[in-house]
$ cat upload_12.tsv   # TSV, N, CA, C and O atoms
chain	number	residue	atom	x	y	z
A	14	MET	N	-12.49	-18.71	5.87
A	14	MET	CA	-12.52	-17.43	5.19
A	14	MET	C	-11.15	-17.12	4.61
A	14	MET	O	-10.14	-17.47	5.21
A	15	SER	N	-11.14	-16.39	3.55
A	15	SER	CA	-9.88	-15.98	2.93
A	15	SER	C	-9.36	-14.71	3.59
A	15	SER	O	-10.11	-13.99	4.27
A	16	VAL	N	-8.09	-14.42	3.37
A	16	VAL	CA	-7.50	-13.20	3.91
A	16	VAL	C	-8.20	-11.97	3.30
A	16	VAL	O	-8.39	-10.96	3.98
A	17	GLU	N	-8.62	-12.08	2.05
A	17	GLU	CA	-9.34	-10.97	1.41
A	17	GLU	C	-10.67	-10.71	2.11
A	17	GLU	O	-11.09	-9.56	2.25
A	18	ALA	N	-11.35	-11.77	2.52
A	18	ALA	CA	-12.62	-11.62	3.23
A	18	ALA	C	-12.42	-10.89	4.56
A	18	ALA	O	-13.21	-10.02	4.93
A	19	PHE	N	-11.34	-11.24	5.29
A	19	PHE	CA	-11.06	-10.55	6.56
A	19	PHE	C	-10.72	-9.08	6.31
A	19	PHE	O	-11.16	-8.20	7.05
A	20	LYS	N	-9.94	-8.80	5.26
A	20	LYS	CA	-9.61	-7.41	4.93
A	20	LYS	C	-10.88	-6.60	4.67
A	20	LYS	O	-11.02	-5.47	5.12
A	21	LYS	N	-11.82	-7.19	3.94
A	21	LYS	CA	-13.07	-6.50	3.62
A	21	LYS	C	-13.91	-6.28	4.88
A	21	LYS	O	-14.48	-5.20	5.07
A	22	LEU	N	-14.00	-7.29	5.73
A	22	LEU	CA	-14.78	-7.16	6.97
A	22	LEU	C	-14.23	-6.05	7.86
A	22	LEU	O	-14.99	-5.27	8.42
A	23	VAL	N	-12.90	-5.98	7.99
A	23	VAL	CA	-12.28	-4.94	8.81
A	23	VAL	C	-12.50	-3.57	8.16
A	23	VAL	O	-12.88	-2.60	8.83
A	24	ALA	N	-12.28	-3.48	6.84
A	24	ALA	CA	-12.45	-2.20	6.14
A	24	ALA	C	-13.89	-1.69	6.22
A	24	ALA	O	-14.13	-0.48	6.33
A	25	ASP	N	-14.85	-2.61	6.19
A	25	ASP	CA	-16.27	-2.23	6.25
A	25	ASP	C	-16.79	-2.04	7.68
A	25	ASP	O	-17.95	-1.72	7.88
A	26	GLY	N	-15.93	-2.29	8.68
A	26	GLY	CA	-16.33	-2.13	10.08
A	26	GLY	C	-17.34	-3.15	10.56
A	26	GLY	O	-18.15	-2.87	11.44
A	27	GLN	N	-17.28	-4.35	10.01
A	27	GLN	CA	-18.26	-5.38	10.34
A	27	GLN	C	-17.83	-6.31	11.48
A	27	GLN	O	-18.64	-7.13	11.92
A	28	LEU	N	-16.59	-6.20	11.93
A	28	LEU	CA	-16.15	-6.99	13.08
A	28	LEU	C	-16.15	-6.07	14.30
A	28	LEU	O	-15.49	-5.04	14.32
A	29	ILE	N	-16.90	-6.45	15.33
A	29	ILE	CA	-17.11	-5.59	16.49
A	29	ILE	C	-16.32	-6.12	17.69
A	29	ILE	O	-16.36	-7.31	18.00
A	30	CYS	N	-15.62	-5.22	18.37
A	30	CYS	CA	-14.88	-5.56	19.58
A	30	CYS	C	-15.86	-5.90	20.70
A	30	CYS	O	-16.79	-5.13	20.96
A	31	PRO	N	-15.66	-7.03	21.38
A	31	PRO	CA	-16.59	-7.40	22.46
A	31	PRO	C	-16.42	-6.54	23.72
A	31	PRO	O	-17.29	-6.52	24.57
A	32	LYS	N	-15.30	-5.82	23.82
A	32	LYS	CA	-15.06	-5.01	25.02
A	32	LYS	C	-15.63	-3.59	24.89
A	32	LYS	O	-16.32	-3.12	25.78
A	33	CYS	N	-15.33	-2.90	23.77
A	33	CYS	CA	-15.78	-1.50	23.64
A	33	CYS	C	-16.94	-1.32	22.66
A	33	CYS	O	-17.47	-0.22	22.53
A	34	ASN	N	-17.33	-2.40	21.98
A	34	ASN	CA	-18.44	-2.39	21.03
A	34	ASN	C	-18.24	-1.45	19.84
A	34	ASN	O	-19.20	-0.97	19.26
A	35	LYS	N	-16.98	-1.20	19.49
A	35	LYS	CA	-16.65	-0.43	18.29
A	35	LYS	C	-16.04	-1.37	17.27
A	35	LYS	O	-15.66	-2.50	17.59
A	36	ALA	N	-15.91	-0.91	16.04
A	36	ALA	CA	-15.35	-1.75	14.97
A	36	ALA	C	-13.88	-2.08	15.23
A	36	ALA	O	-13.10	-1.22	15.65
A	37	VAL	N	-13.52	-3.34	14.99
A	37	VAL	CA	-12.13	-3.79	15.08
A	37	VAL	C	-11.33	-3.09	13.99
A	37	VAL	O	-11.79	-2.96	12.85
A	38	GLN	N	-10.12	-2.62	14.30
A	38	GLN	CA	-9.33	-1.82	13.38
A	38	GLN	C	-8.35	-2.62	12.53
A	38	GLN	O	-7.97	-2.19	11.44
A	39	LYS	N	-7.90	-3.80	13.01
A	39	LYS	CA	-6.92	-4.56	12.24
A	39	LYS	C	-6.86	-6.01	12.70
A	39	LYS	O	-7.45	-6.39	13.71
A	40	PHE	N	-6.13	-6.81	11.92
A	40	PHE	CA	-5.90	-8.20	12.28
A	40	PHE	C	-4.51	-8.59	11.78
A	40	PHE	O	-3.92	-7.92	10.94
A	41	HIS	N	-4.00	-9.69	12.33
A	41	HIS	CA	-2.73	-10.24	11.84
A	41	HIS	C	-2.70	-11.73	12.15
A	41	HIS	O	-3.64	-12.28	12.72
A	42	ASN	N	-1.64	-12.38	11.76
A	42	ASN	CA	-1.44	-13.82	11.98
A	42	ASN	C	-2.50	-14.67	11.28
A	42	ASN	O	-3.00	-15.64	11.84
A	43	TYR	N	-2.85	-14.34	10.04
A	43	TYR	CA	-3.81	-15.14	9.28
A	43	TYR	C	-3.20	-16.51	8.97
A	43	TYR	O	-2.10	-16.60	8.46
A	44	VAL	N	-3.93	-17.57	9.32
A	44	VAL	CA	-3.47	-18.94	9.06
A	44	VAL	C	-4.66	-19.76	8.55
A	44	VAL	O	-5.64	-19.94	9.27
A	45	PRO	N	-4.59	-20.24	7.30
A	45	PRO	CA	-5.64	-21.14	6.82
A	45	PRO	C	-5.50	-22.50	7.51
A	45	PRO	O	-4.38	-22.93	7.83
A	46	THR	N	-6.59	-23.16	7.77
A	46	THR	CA	-6.55	-24.48	8.42
A	46	THR	C	-7.17	-25.54	7.53
A	46	THR	O	-7.95	-25.24	6.63
A	47	SER	N	-6.84	-26.79	7.80
A	47	SER	CA	-7.37	-27.92	7.03
A	47	SER	C	-7.92	-28.97	7.98
A	47	SER	O	-7.34	-29.23	9.03
A	48	ASP	N	-9.03	-29.57	7.57
A	48	ASP	CA	-9.59	-30.70	8.32
A	48	ASP	C	-8.81	-31.96	8.02
A	48	ASP	O	-8.52	-32.75	8.90
A	49	SER	N	-8.48	-32.17	6.74
A	49	SER	CA	-7.78	-33.39	6.37
A	49	SER	C	-7.03	-33.21	5.06
A	49	SER	O	-7.38	-32.37	4.24
A	50	VAL	N	-6.01	-34.02	4.90
A	50	VAL	CA	-5.25	-34.07	3.65
A	50	VAL	C	-5.16	-35.53	3.25
A	50	VAL	O	-4.79	-36.38	4.05
A	51	TRP	N	-5.55	-35.83	2.02
A	51	TRP	CA	-5.53	-37.20	1.53
A	51	TRP	C	-4.59	-37.26	0.34
A	51	TRP	O	-4.64	-36.42	-0.54
A	52	ASP	N	-3.73	-38.24	0.32
A	52	ASP	CA	-2.82	-38.41	-0.80
A	52	ASP	C	-2.68	-39.91	-1.05
A	52	ASP	O	-2.26	-40.65	-0.19
A	53	GLY	N	-3.06	-40.31	-2.24
A	53	GLY	CA	-2.96	-41.73	-2.56
A	53	GLY	C	-3.11	-41.97	-4.04
A	53	GLY	O	-3.89	-41.32	-4.72
A	54	ALA	N	-2.33	-42.87	-4.56
A	54	ALA	CA	-2.40	-43.30	-5.96
A	54	ALA	C	-2.31	-42.13	-6.93
A	54	ALA	O	-3.00	-42.09	-7.94
A	55	GLY	N	-1.46	-41.14	-6.60
A	55	GLY	CA	-1.28	-40.01	-7.48
A	55	GLY	C	-2.33	-38.93	-7.36
A	55	GLY	O	-2.26	-37.90	-8.01
A	56	ASP	N	-3.35	-39.16	-6.55
A	56	ASP	CA	-4.38	-38.16	-6.32
A	56	ASP	C	-4.14	-37.51	-4.96
A	56	ASP	O	-3.70	-38.16	-4.03
A	57	SER	N	-4.46	-36.26	-4.85
A	57	SER	CA	-4.36	-35.62	-3.54
A	57	SER	C	-5.55	-34.68	-3.37
A	57	SER	O	-6.08	-34.14	-4.33
A	58	LEU	N	-5.95	-34.49	-2.14
A	58	LEU	CA	-7.09	-33.67	-1.83
A	58	LEU	C	-6.86	-33.00	-0.48
A	58	LEU	O	-6.43	-33.64	0.47
A	59	THR	N	-7.11	-31.71	-0.40
A	59	THR	CA	-7.06	-30.99	0.87
A	59	THR	C	-8.45	-30.50	1.17
A	59	THR	O	-9.10	-29.90	0.33
A	60	ASP	N	-8.91	-30.77	2.37
A	60	ASP	CA	-10.25	-30.37	2.79
A	60	ASP	C	-10.11	-29.16	3.72
A	60	ASP	O	-9.83	-29.32	4.90
A	61	PRO	N	-10.28	-27.93	3.20
A	61	PRO	CA	-10.13	-26.74	4.07
A	61	PRO	C	-11.28	-26.62	5.04
A	61	PRO	O	-12.43	-26.95	4.72
A	62	SER	N	-10.98	-26.16	6.25
A	62	SER	CA	-12.03	-26.04	7.24
A	62	SER	C	-12.26	-24.60	7.68
A	62	SER	O	-13.25	-24.30	8.31
A	63	GLY	N	-11.35	-23.70	7.37
A	63	GLY	CA	-11.53	-22.32	7.80
A	63	GLY	C	-10.20	-21.63	7.94
A	63	GLY	O	-9.25	-21.95	7.24
A	64	SER	N	-10.14	-20.70	8.86
A	64	SER	CA	-8.91	-19.95	9.09
A	64	SER	C	-8.89	-19.41	10.51
A	64	SER	O	-9.90	-19.37	11.19
A	65	ILE	N	-7.69	-18.99	10.91
A	65	ILE	CA	-7.50	-18.42	12.23
A	65	ILE	C	-6.82	-17.07	12.06
A	65	ILE	O	-5.87	-16.95	11.29
A	66	VAL	N	-7.29	-16.04	12.75
A	66	VAL	CA	-6.65	-14.73	12.74
A	66	VAL	C	-6.63	-14.19	14.16
A	66	VAL	O	-7.39	-14.63	15.02
A	67	THR	N	-5.74	-13.25	14.39
A	67	THR	CA	-5.72	-12.51	15.65
A	67	THR	C	-6.33	-11.15	15.36
A	67	THR	O	-5.80	-10.39	14.55
A	68	LEU	N	-7.46	-10.86	15.99
A	68	LEU	CA	-8.12	-9.57	15.83
A	68	LEU	C	-7.57	-8.58	16.85
A	68	LEU	O	-7.34	-8.94	18.00
A	69	ILE	N	-7.38	-7.34	16.42
A	69	ILE	CA	-6.86	-6.29	17.30
A	69	ILE	C	-7.84	-5.13	17.25
A	69	ILE	O	-8.10	-4.57	16.18
A	70	CYS	N	-8.38	-4.75	18.40
A	70	CYS	CA	-9.36	-3.67	18.46
A	70	CYS	C	-8.74	-2.38	17.89
A	70	CYS	O	-9.23	-1.83	16.94
A	71	GLY	N	-7.69	-1.88	18.52
A	71	GLY	CA	-7.02	-0.70	18.04
A	71	GLY	C	-7.71	0.62	18.31
A	71	GLY	O	-7.24	1.68	17.89
A	72	ASN	N	-8.84	0.61	19.00
A	72	ASN	CA	-9.54	1.85	19.34
A	72	ASN	C	-8.94	2.46	20.61
A	72	ASN	O	-8.47	1.75	21.48
A	73	ASP	N	-8.95	3.79	20.69
A	73	ASP	CA	-8.39	4.49	21.86
A	73	ASP	C	-9.02	4.01	23.15
A	73	ASP	O	-10.24	3.89	23.25
A	74	GLY	N	-8.18	3.70	24.13
A	74	GLY	CA	-8.65	3.29	25.44
A	74	GLY	C	-9.08	1.84	25.55
A	74	GLY	O	-9.51	1.42	26.62
A	75	CYS	N	-8.98	1.07	24.48
A	75	CYS	CA	-9.38	-0.34	24.53
A	75	CYS	C	-8.14	-1.22	24.37
A	75	CYS	O	-7.38	-1.07	23.43
A	76	SER	N	-7.97	-2.16	25.29
A	76	SER	CA	-6.79	-3.03	25.26
A	76	SER	C	-7.08	-4.42	24.70
A	76	SER	O	-6.23	-5.29	24.75
A	77	TRP	N	-8.27	-4.63	24.16
A	77	TRP	CA	-8.62	-5.95	23.64
A	77	TRP	C	-7.89	-6.26	22.37
A	77	TRP	O	-7.66	-5.52	21.50
$ encode --input "upload_12.tsv" --output "structure tokens"
Amino acid sequence: MSVEAFKKLVADGQLICPKCNKAVQKFHNYVPTSDSVWDGAGDSLTDPSGSIVTLICGNDGCSW
């Protein structure tokens, strides 16, 4: 997923905290990941596999 996709999910309240069952309020540490990188004979290819983020609940009384 792109960072824009995560921003939209958080803004729309579509990511739910597993502890308090309310919408996650923010995220940080977005890192795109790759399955493989190929470079040979002047050609290169990156095979993206997804991304990693740290989700933060941010709701009152929830420490998740």
$ residues_near_point --input "upload_12.tsv" --point "(-8.4, -1.4, 9.6)" --cutoff "12 Å" --atoms "only C-alpha atoms" --output "ChimeraX atom specification"
/A:19-29,36-41,68-72
$ select_by_dssp --input "upload_12.tsv" --residues "region 20-49 of chain A" --states "alpha helix (DSSP H)" --output "list in words"
Lys20, Lys21, Leu22, Val23 and Ala24 of chain A
$ atom_distance --input "upload_12.tsv" --atom1 "CA of Ser15 (chain A)" --atom2 "CA of Ser47 (chain A)"
12.9 Å
$ select_by_dssp --input "upload_12.tsv" --residues "region 21-53 of chain A" --states "strand (DSSP E)" --output "PyMOL selection string"
chain A and resi 39-53
$ residues_around --input "upload_12.tsv" --residues "Met14 (chain A)" --least-positions-apart "4" --cutoff "6 Å" --atoms "all atoms listed in the file" --output "MDAnalysis selection string"
chainID A and resid 18:19 63:64
$ atom_distance --input "upload_12.tsv" --atom1 "atom O of Thr67 (chain A)" --atom2 "atom C of Asn42 (chain A)"
6.3 Å
$ atom_distance --input "upload_12.tsv" --atom1 "CA of Pro31 (chain A)" --atom2 "CA of Val16 (chain A)"
21.5 Å
